[in-house]
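Notes follow the structure.
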Amino acid sequence: MFITYFFIYVICYPLALLPLPVLYLLAAPLYLVLNYVVRYRRKVVEENLRSAFPEKGGRELRRLRNQYYWHLSQIAVEMIKMLVLPRWILRRRYHCANPEAVNAFYEQGRSVILMSSHYNNWEWMILALEEMFKHHGVGVGKGNSDKVFEKLVNRARTRYGTQVVFADTVRDTFEEYETQHRPAAYMMLSDQSPNSKKRCYVTQFLNHTTGVIFGAEHFARKYDIPVFYYQVIKERMGKYRVEVQLIAEHPNDLPEYAITQRYVELLEQTIRQQPAFWLWSHRRWKFQFD
């Protein structure tokens with residue numbers, strides 16, 4: 001507990017007060033440390049890249065690995081800045097190109113589910129959710145084993161009104177908002193590895209037989225919530241554009257798992273366009289499927 005408080009308040013908060021361009025100067029030494037000194041999850045990163053892109057040669061894979069660590073270093077300093085990032089800077093650096101597609105459902109009194117992944121800066125998406133859309137923002141996340149760290153980070157994530165919920169409260173949250181007809185935008189990162197290989201949708205993704213969690217589709221069908229895929233595009237260092245694409249207006253009009261399958265297809269398209277921006281250090285393929 002002491003170490004967590006020390007890390008957040010003694011190291012991260014003072015650094016967060018620095019201007020973002022100055023913070024980016026720290027990304028270079030951090031890149032060297034992550035990639036060459038501690039070799040952060042190097043085996044996981046290299047195996048994931050090699051198996052996802054078997055057509056790429058060794059030199060190209062090494063270049064992609066290095067690009068990933070450079071991107072990860074930038075994300076790290078952006079997460080530090082998130083602790084104190086002013087609203088006006090957030091609006092300039094993280095915006096939605098077509099918010100009217102989502103806001104149209106708010107005018108109808110309907111919630112939306114926004115499906116995406118750990119691609120580009122997902123933490124700023126949580127922070128900016130209520131800034132981009134008329135809906136109340138709800139980020140559905142996966143709990144951290146360090147509850148003190150989780151509490152401190154969530155304090156930063158929710159400064160501008162977004163609510164963060166986890167697996168133990170997500171069902172109650174959907175029930176509360178949908179039965180009370182309070183339109184919410186549920187942000188759901190659906191690229192997490194499932195907890196059980198028996199409770200997932202199995203499909204092909206990045207050259208793997210992959211188990212995919214289908215919680216977003218489950219809640220969409222239960223409450224007839226429109227589903228969007230959103231893509232986070234990095235325009236330049238520290239500046240992102242979000243583009244939303246409707247997958248289903250009335251989920252139950254589609255076959256079972258069609259929403260999840262379409263999400264997987266769109267995510268793979270996004271990753272193949274700029275592979276370095278996905279979270280390759282995540283142990284995505286834990287399970288083997290026959």
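Chains: A, B, ... in order of the structure tokens. Residues: from 1 per chain. Ligands: from 1, in order shown.
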
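Around region 5-9 of chain A, within 10 Å and counting only C-alpha atoms, the residues found are A:Pro14, A:Leu15, A:Ile80, A:Leu83, A:Val148, A:Phe149, A:Leu152, A:Val153, once anything fewer than 5 positions away on its own chain is removed.
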
Please identify which residues in region 36-164 of chain A DSSP calls helix (DSSP H, G or I) from the backbone, and express them as a ChimeraX atom specification.
-> /A:36-37,42-52,58-81,87-93,100-107,122-132,147-157

Please, which residues of region 149-244 of chain A, numbered as in this document, come out strand (DSSP E) from DSSP, as an MDAnalysis selection string?
-> chainID A and resid 163:165 184:189 201:205 208:212 227:236 239:244

Same residues, N, CA, C and O atoms, output as a tab-separated table (two decimals), in the first residue's frame:
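Saved file result28.tsv follows:
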```
chain	number	residue	atom	x	y	z
A	163	GLN	N	-18.39	7.33	-15.24
A	163	GLN	CA	-18.48	6.35	-14.17
A	163	GLN	C	-17.74	5.09	-14.59
A	163	GLN	O	-17.83	4.67	-15.75
A	164	VAL	N	-16.98	4.49	-13.70
A	164	VAL	CA	-16.25	3.25	-13.99
A	164	VAL	C	-16.84	2.12	-13.15
A	164	VAL	O	-16.98	2.26	-11.93
A	165	VAL	N	-17.19	1.02	-13.81
A	165	VAL	CA	-17.73	-0.14	-13.10
A	165	VAL	C	-16.95	-1.39	-13.51
A	165	VAL	O	-16.32	-1.42	-14.58
A	184	ALA	N	-27.25	5.96	-21.36
A	184	ALA	CA	-25.83	5.89	-21.03
A	184	ALA	C	-25.04	5.40	-22.24
A	184	ALA	O	-25.57	4.69	-23.10
A	185	ALA	N	-23.78	5.82	-22.31
A	185	ALA	CA	-22.85	5.30	-23.32
A	185	ALA	C	-21.89	4.38	-22.59
A	185	ALA	O	-21.03	4.83	-21.82
A	186	TYR	N	-22.06	3.07	-22.80
A	186	TYR	CA	-21.24	2.07	-22.13
A	186	TYR	C	-20.02	1.75	-22.98
A	186	TYR	O	-20.13	1.19	-24.07
A	187	MET	N	-18.86	2.13	-22.49
A	187	MET	CA	-17.60	1.84	-23.18
A	187	MET	C	-17.11	0.48	-22.72
A	187	MET	O	-16.83	0.27	-21.54
A	188	MET	N	-16.98	-0.47	-23.66
A	188	MET	CA	-16.62	-1.84	-23.31
A	188	MET	C	-15.44	-2.30	-24.17
A	188	MET	O	-15.55	-2.43	-25.38
A	189	LEU	N	-14.30	-2.51	-23.52
A	189	LEU	CA	-13.11	-3.02	-24.20
A	189	LEU	C	-13.21	-4.54	-24.26
A	189	LEU	O	-13.05	-5.22	-23.26
A	201	TYR	N	-17.07	-16.76	-27.14
A	201	TYR	CA	-17.34	-17.01	-28.56
A	201	TYR	C	-16.01	-17.30	-29.25
A	201	TYR	O	-15.05	-16.54	-29.08
A	202	VAL	N	-15.94	-18.37	-30.01
A	202	VAL	CA	-14.69	-18.78	-30.64
A	202	VAL	C	-14.72	-18.43	-32.12
A	202	VAL	O	-15.66	-18.78	-32.84
A	203	THR	N	-13.68	-17.73	-32.55
A	203	THR	CA	-13.60	-17.31	-33.95
A	203	THR	C	-12.14	-17.18	-34.35
A	203	THR	O	-11.23	-17.44	-33.56
A	204	GLN	N	-11.89	-16.77	-35.59
A	204	GLN	CA	-10.54	-16.54	-36.08
A	204	GLN	C	-10.20	-15.06	-35.95
A	204	GLN	O	-10.96	-14.19	-36.37
A	205	PHE	N	-9.05	-14.80	-35.35
A	205	PHE	CA	-8.63	-13.42	-35.13
A	205	PHE	C	-7.11	-13.36	-35.14
A	205	PHE	O	-6.44	-14.05	-34.36
A	208	HIS	N	-5.19	-16.65	-35.24
A	208	HIS	CA	-5.39	-17.53	-34.10
A	208	HIS	C	-6.86	-17.95	-34.02
A	208	HIS	O	-7.75	-17.15	-34.33
A	209	THR	N	-7.10	-19.16	-33.54
A	209	THR	CA	-8.43	-19.53	-33.08
A	209	THR	C	-8.57	-18.90	-31.69
A	209	THR	O	-7.84	-19.25	-30.77
A	210	THR	N	-9.49	-17.95	-31.57
A	210	THR	CA	-9.51	-17.05	-30.42
A	210	THR	C	-10.84	-17.09	-29.69
A	210	THR	O	-11.91	-17.04	-30.32
A	211	GLY	N	-10.78	-17.14	-28.36
A	211	GLY	CA	-11.97	-16.98	-27.55
A	211	GLY	C	-12.23	-15.51	-27.28
A	211	GLY	O	-11.32	-14.79	-26.86
A	212	VAL	N	-13.45	-15.06	-27.52
A	212	VAL	CA	-13.80	-13.64	-27.37
A	212	VAL	C	-14.92	-13.50	-26.35
A	212	VAL	O	-15.93	-14.22	-26.42
A	227	VAL	N	-25.36	-0.88	-30.85
A	227	VAL	CA	-23.94	-1.17	-30.64
A	227	VAL	C	-23.10	-0.48	-31.71
A	227	VAL	O	-23.40	-0.56	-32.91
A	228	PHE	N	-22.06	0.21	-31.26
A	228	PHE	CA	-21.10	0.85	-32.15
A	228	PHE	C	-19.72	0.22	-31.96
A	228	PHE	O	-19.36	-0.22	-30.88
A	229	TYR	N	-18.95	0.22	-33.04
A	229	TYR	CA	-17.52	0.00	-32.94
A	229	TYR	C	-16.86	1.36	-33.03
A	229	TYR	O	-17.23	2.19	-33.86
A	230	TYR	N	-15.89	1.63	-32.15
A	230	TYR	CA	-15.18	2.88	-32.30
A	230	TYR	C	-13.69	2.62	-32.50
A	230	TYR	O	-13.11	1.73	-31.90
A	231	GLN	N	-13.11	3.38	-33.39
A	231	GLN	CA	-11.69	3.28	-33.71
A	231	GLN	C	-10.99	4.54	-33.25
A	231	GLN	O	-11.44	5.66	-33.53
A	232	VAL	N	-9.89	4.38	-32.53
A	232	VAL	CA	-9.09	5.51	-32.07
A	232	VAL	C	-7.91	5.67	-33.02
A	232	VAL	O	-7.08	4.76	-33.14
A	233	ILE	N	-7.85	6.80	-33.69
A	233	ILE	CA	-6.83	7.07	-34.69
A	233	ILE	C	-5.83	8.07	-34.12
A	233	ILE	O	-6.22	9.13	-33.63
A	234	LYS	N	-4.58	7.73	-34.18
A	234	LYS	CA	-3.52	8.63	-33.69
A	234	LYS	C	-3.13	9.58	-34.81
A	234	LYS	O	-2.50	9.18	-35.80
A	235	GLU	N	-3.50	10.85	-34.68
A	235	GLU	CA	-3.18	11.84	-35.70
A	235	GLU	C	-1.72	12.28	-35.60
A	235	GLU	O	-1.06	12.51	-36.61
A	236	ARG	N	-1.23	12.45	-34.39
A	236	ARG	CA	0.17	12.74	-34.11
A	236	ARG	C	0.39	12.46	-32.63
A	236	ARG	O	-0.54	12.05	-31.94
A	239	LYS	N	-2.32	13.34	-29.86
A	239	LYS	CA	-3.56	13.85	-30.45
A	239	LYS	C	-4.29	12.70	-31.14
A	239	LYS	O	-3.73	12.04	-32.02
A	240	TYR	N	-5.57	12.48	-30.73
A	240	TYR	CA	-6.32	11.33	-31.19
A	240	TYR	C	-7.69	11.74	-31.72
A	240	TYR	O	-8.30	12.69	-31.24
A	241	ARG	N	-8.13	10.97	-32.69
A	241	ARG	CA	-9.46	11.16	-33.27
A	241	ARG	C	-10.24	9.86	-33.15
A	241	ARG	O	-9.74	8.79	-33.51
A	242	VAL	N	-11.46	9.93	-32.64
A	242	VAL	CA	-12.32	8.76	-32.49
A	242	VAL	C	-13.35	8.76	-33.61
A	242	VAL	O	-13.99	9.79	-33.88
A	243	GLU	N	-13.51	7.63	-34.27
A	243	GLU	CA	-14.54	7.48	-35.29
A	243	GLU	C	-15.43	6.30	-34.91
A	243	GLU	O	-14.92	5.22	-34.60
A	244	VAL	N	-16.74	6.53	-34.91
A	244	VAL	CA	-17.69	5.48	-34.53
A	244	VAL	C	-18.39	4.92	-35.75
A	244	VAL	O	-18.62	5.63	-36.74
```

Leaving out Arg62 (chain A) and any residue of its chain fewer than 4 positions from it, which residues lie within 10 Å of it when counting only C-alpha atoms, given as a PyMOL selection string?
-> chain A and resi 46+49-50+56-58+66-68

Would you output that residue set with all heavy atoms, as a PDB file, in the first residue's frame?
```
ATOM      1  N   GLU A  46       7.002 -10.614 -28.576  1.00  0.00           N
ATOM      2  CA  GLU A  46       7.569 -11.215 -29.781  1.00  0.00           C
ATOM      3  C   GLU A  46       6.760 -12.417 -30.257  1.00  0.00           C
ATOM      4  O   GLU A  46       6.550 -12.585 -31.473  1.00  0.00           O
ATOM      5  CB  GLU A  46       9.017 -11.607 -29.518  1.00  0.00           C
ATOM      6  CG  GLU A  46       9.941 -10.409 -29.357  1.00  0.00           C
ATOM      7  CD  GLU A  46      11.391 -10.801 -29.144  1.00  0.00           C
ATOM      8  OE1 GLU A  46      11.640 -11.946 -28.707  1.00  0.00           O
ATOM      9  OE2 GLU A  46      12.263  -9.950 -29.406  1.00  0.00           O
ATOM     10  N   LEU A  49       3.446 -11.111 -31.852  1.00  0.00           N
ATOM     11  CA  LEU A  49       3.673 -10.523 -33.174  1.00  0.00           C
ATOM     12  C   LEU A  49       4.006 -11.600 -34.206  1.00  0.00           C
ATOM     13  O   LEU A  49       3.483 -11.585 -35.327  1.00  0.00           O
ATOM     14  CB  LEU A  49       4.809  -9.500 -33.108  1.00  0.00           C
ATOM     15  CG  LEU A  49       4.501  -8.194 -32.376  1.00  0.00           C
ATOM     16  CD1 LEU A  49       5.764  -7.360 -32.207  1.00  0.00           C
ATOM     17  CD2 LEU A  49       3.436  -7.394 -33.110  1.00  0.00           C
ATOM     18  N   ARG A  50       4.857 -12.541 -33.832  1.00  0.00           N
ATOM     19  CA  ARG A  50       5.281 -13.591 -34.762  1.00  0.00           C
ATOM     20  C   ARG A  50       4.111 -14.467 -35.176  1.00  0.00           C
ATOM     21  O   ARG A  50       3.961 -14.817 -36.361  1.00  0.00           O
ATOM     22  CB  ARG A  50       6.385 -14.433 -34.114  1.00  0.00           C
ATOM     23  CG  ARG A  50       7.004 -15.477 -35.034  1.00  0.00           C
ATOM     24  CD  ARG A  50       8.289 -16.057 -34.453  1.00  0.00           C
ATOM     25  NE  ARG A  50       8.112 -16.539 -33.087  1.00  0.00           N
ATOM     26  CZ  ARG A  50       8.662 -15.951 -32.039  1.00  0.00           C
ATOM     27  NH1 ARG A  50       9.387 -14.863 -32.176  1.00  0.00           N
ATOM     28  NH2 ARG A  50       8.469 -16.448 -30.814  1.00  0.00           N
ATOM     29  N   LYS A  56       5.473 -11.948 -42.017  1.00  0.00           N
ATOM     30  CA  LYS A  56       6.513 -10.938 -41.854  1.00  0.00           C
ATOM     31  C   LYS A  56       7.836 -11.587 -41.485  1.00  0.00           C
ATOM     32  O   LYS A  56       7.899 -12.542 -40.701  1.00  0.00           O
ATOM     33  CB  LYS A  56       6.105  -9.920 -40.772  1.00  0.00           C
ATOM     34  CG  LYS A  56       4.868  -9.102 -41.124  1.00  0.00           C
ATOM     35  CD  LYS A  56       4.579  -8.050 -40.075  1.00  0.00           C
ATOM     36  CE  LYS A  56       3.293  -7.283 -40.346  1.00  0.00           C
ATOM     37  NZ  LYS A  56       3.363  -6.521 -41.602  1.00  0.00           N
ATOM     38  N   GLY A  57       8.907 -11.047 -42.027  1.00  0.00           N
ATOM     39  CA  GLY A  57      10.240 -11.549 -41.733  1.00  0.00           C
ATOM     40  C   GLY A  57      10.775 -11.032 -40.410  1.00  0.00           C
ATOM     41  O   GLY A  57      10.165 -10.163 -39.762  1.00  0.00           O
ATOM     42  N   GLY A  58      11.937 -11.552 -40.006  1.00  0.00           N
ATOM     43  CA  GLY A  58      12.513 -11.191 -38.718  1.00  0.00           C
ATOM     44  C   GLY A  58      12.800  -9.712 -38.585  1.00  0.00           C
ATOM     45  O   GLY A  58      12.528  -9.112 -37.529  1.00  0.00           O
ATOM     46  N   ASN A  66       9.888  -2.742 -31.911  1.00  0.00           N
ATOM     47  CA  ASN A  66      10.442  -1.472 -31.439  1.00  0.00           C
ATOM     48  C   ASN A  66       9.408  -0.352 -31.511  1.00  0.00           C
ATOM     49  O   ASN A  66       9.332   0.497 -30.606  1.00  0.00           O
ATOM     50  CB  ASN A  66      11.678  -1.103 -32.262  1.00  0.00           C
ATOM     51  CG  ASN A  66      12.832  -2.057 -32.035  1.00  0.00           C
ATOM     52  OD1 ASN A  66      12.882  -2.761 -31.024  1.00  0.00           O
ATOM     53  ND2 ASN A  66      13.768  -2.102 -32.980  1.00  0.00           N
ATOM     54  N   GLN A  67       8.612  -0.337 -32.567  1.00  0.00           N
ATOM     55  CA  GLN A  67       7.547   0.663 -32.692  1.00  0.00           C
ATOM     56  C   GLN A  67       6.540   0.503 -31.561  1.00  0.00           C
ATOM     57  O   GLN A  67       6.034   1.498 -31.030  1.00  0.00           O
ATOM     58  CB  GLN A  67       6.852   0.523 -34.042  1.00  0.00           C
ATOM     59  CG  GLN A  67       7.677   0.973 -35.228  1.00  0.00           C
ATOM     60  CD  GLN A  67       6.973   0.719 -36.549  1.00  0.00           C
ATOM     61  OE1 GLN A  67       6.009  -0.055 -36.630  1.00  0.00           O
ATOM     62  NE2 GLN A  67       7.457   1.350 -37.607  1.00  0.00           N
ATOM     63  N   TYR A  68       6.264  -0.748 -31.213  1.00  0.00           N
ATOM     64  CA  TYR A  68       5.319  -0.980 -30.119  1.00  0.00           C
ATOM     65  C   TYR A  68       5.848  -0.429 -28.804  1.00  0.00           C
ATOM     66  O   TYR A  68       5.127   0.257 -28.075  1.00  0.00           O
ATOM     67  CB  TYR A  68       5.017  -2.476 -29.964  1.00  0.00           C
ATOM     68  CG  TYR A  68       4.253  -2.764 -28.690  1.00  0.00           C
ATOM     69  CD1 TYR A  68       2.934  -2.330 -28.545  1.00  0.00           C
ATOM     70  CD2 TYR A  68       4.861  -3.412 -27.609  1.00  0.00           C
ATOM     71  CE1 TYR A  68       2.236  -2.545 -27.368  1.00  0.00           C
ATOM     72  CE2 TYR A  68       4.162  -3.639 -26.437  1.00  0.00           C
ATOM     73  CZ  TYR A  68       2.856  -3.201 -26.320  1.00  0.00           C
ATOM     74  OH  TYR A  68       2.165  -3.395 -25.147  1.00  0.00           O
TER      75      TYR A  68
END
```

Between CA of Val38 (chain A) and CA of Trp278 (chain A), measure the distance and give it in Å to one decimal.
-> 20.3 Å

For CA of Ile271 (chain A) and CA of Asn103 (chain A), quote the distance in Å rounded to one decimal.
->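 It comes out at 26.7 Å.
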
Could you check how far CA of Glu175 (chain A) sits from CA of Thr158 (chain A), in Å to one decimal?
->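 Result for CA of Glu175 (chain A) versus CA of Thr158 (chain A): 20.8 Å, one decimal.
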
For Lys222 (chain A), which of A:Met132, A:Arg59, A:Asn252, A:Pro54 is the closest residue, counting only C-alpha atoms?
->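 Ranking A:Met132, A:Arg59, A:Asn252, A:Pro54 by distance to Lys222 (chain A), first place goes to A:Asn252.
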
Of the listed residues A:Tyr24, A:Phe219, A:Tyr94, A:Phe287, that which approaches Arg171 (chain A) most closely, counting only C-alpha atoms =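 Among the listed residues, the smallest separation from Arg171 (chain A) belongs to A:Phe219.
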
Tell me, as a PyMOL selection string, which residues lie within 12 Å of Gln245 (chain A), counting only C-alpha atoms; anything in the same chain fewer than 2 positions away does not count.
-> chain A and resi 96-102+112-116+226-232+242-243+247-249+262-263+266-267

Which residue, A:His136, A:Arg159, A:Arg284, A:Arg272, has the smallest gap to Met82 (chain A) when you use only C-alpha atoms?
-> A:Arg159

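The protein and nucleic acid residues lying at most 10 Å from Asp146 (chain A) are Met1, Thr4 and Lys151 of chain A, with only C-alpha atoms considered and sequence neighbours fewer than 5 positions away removed.
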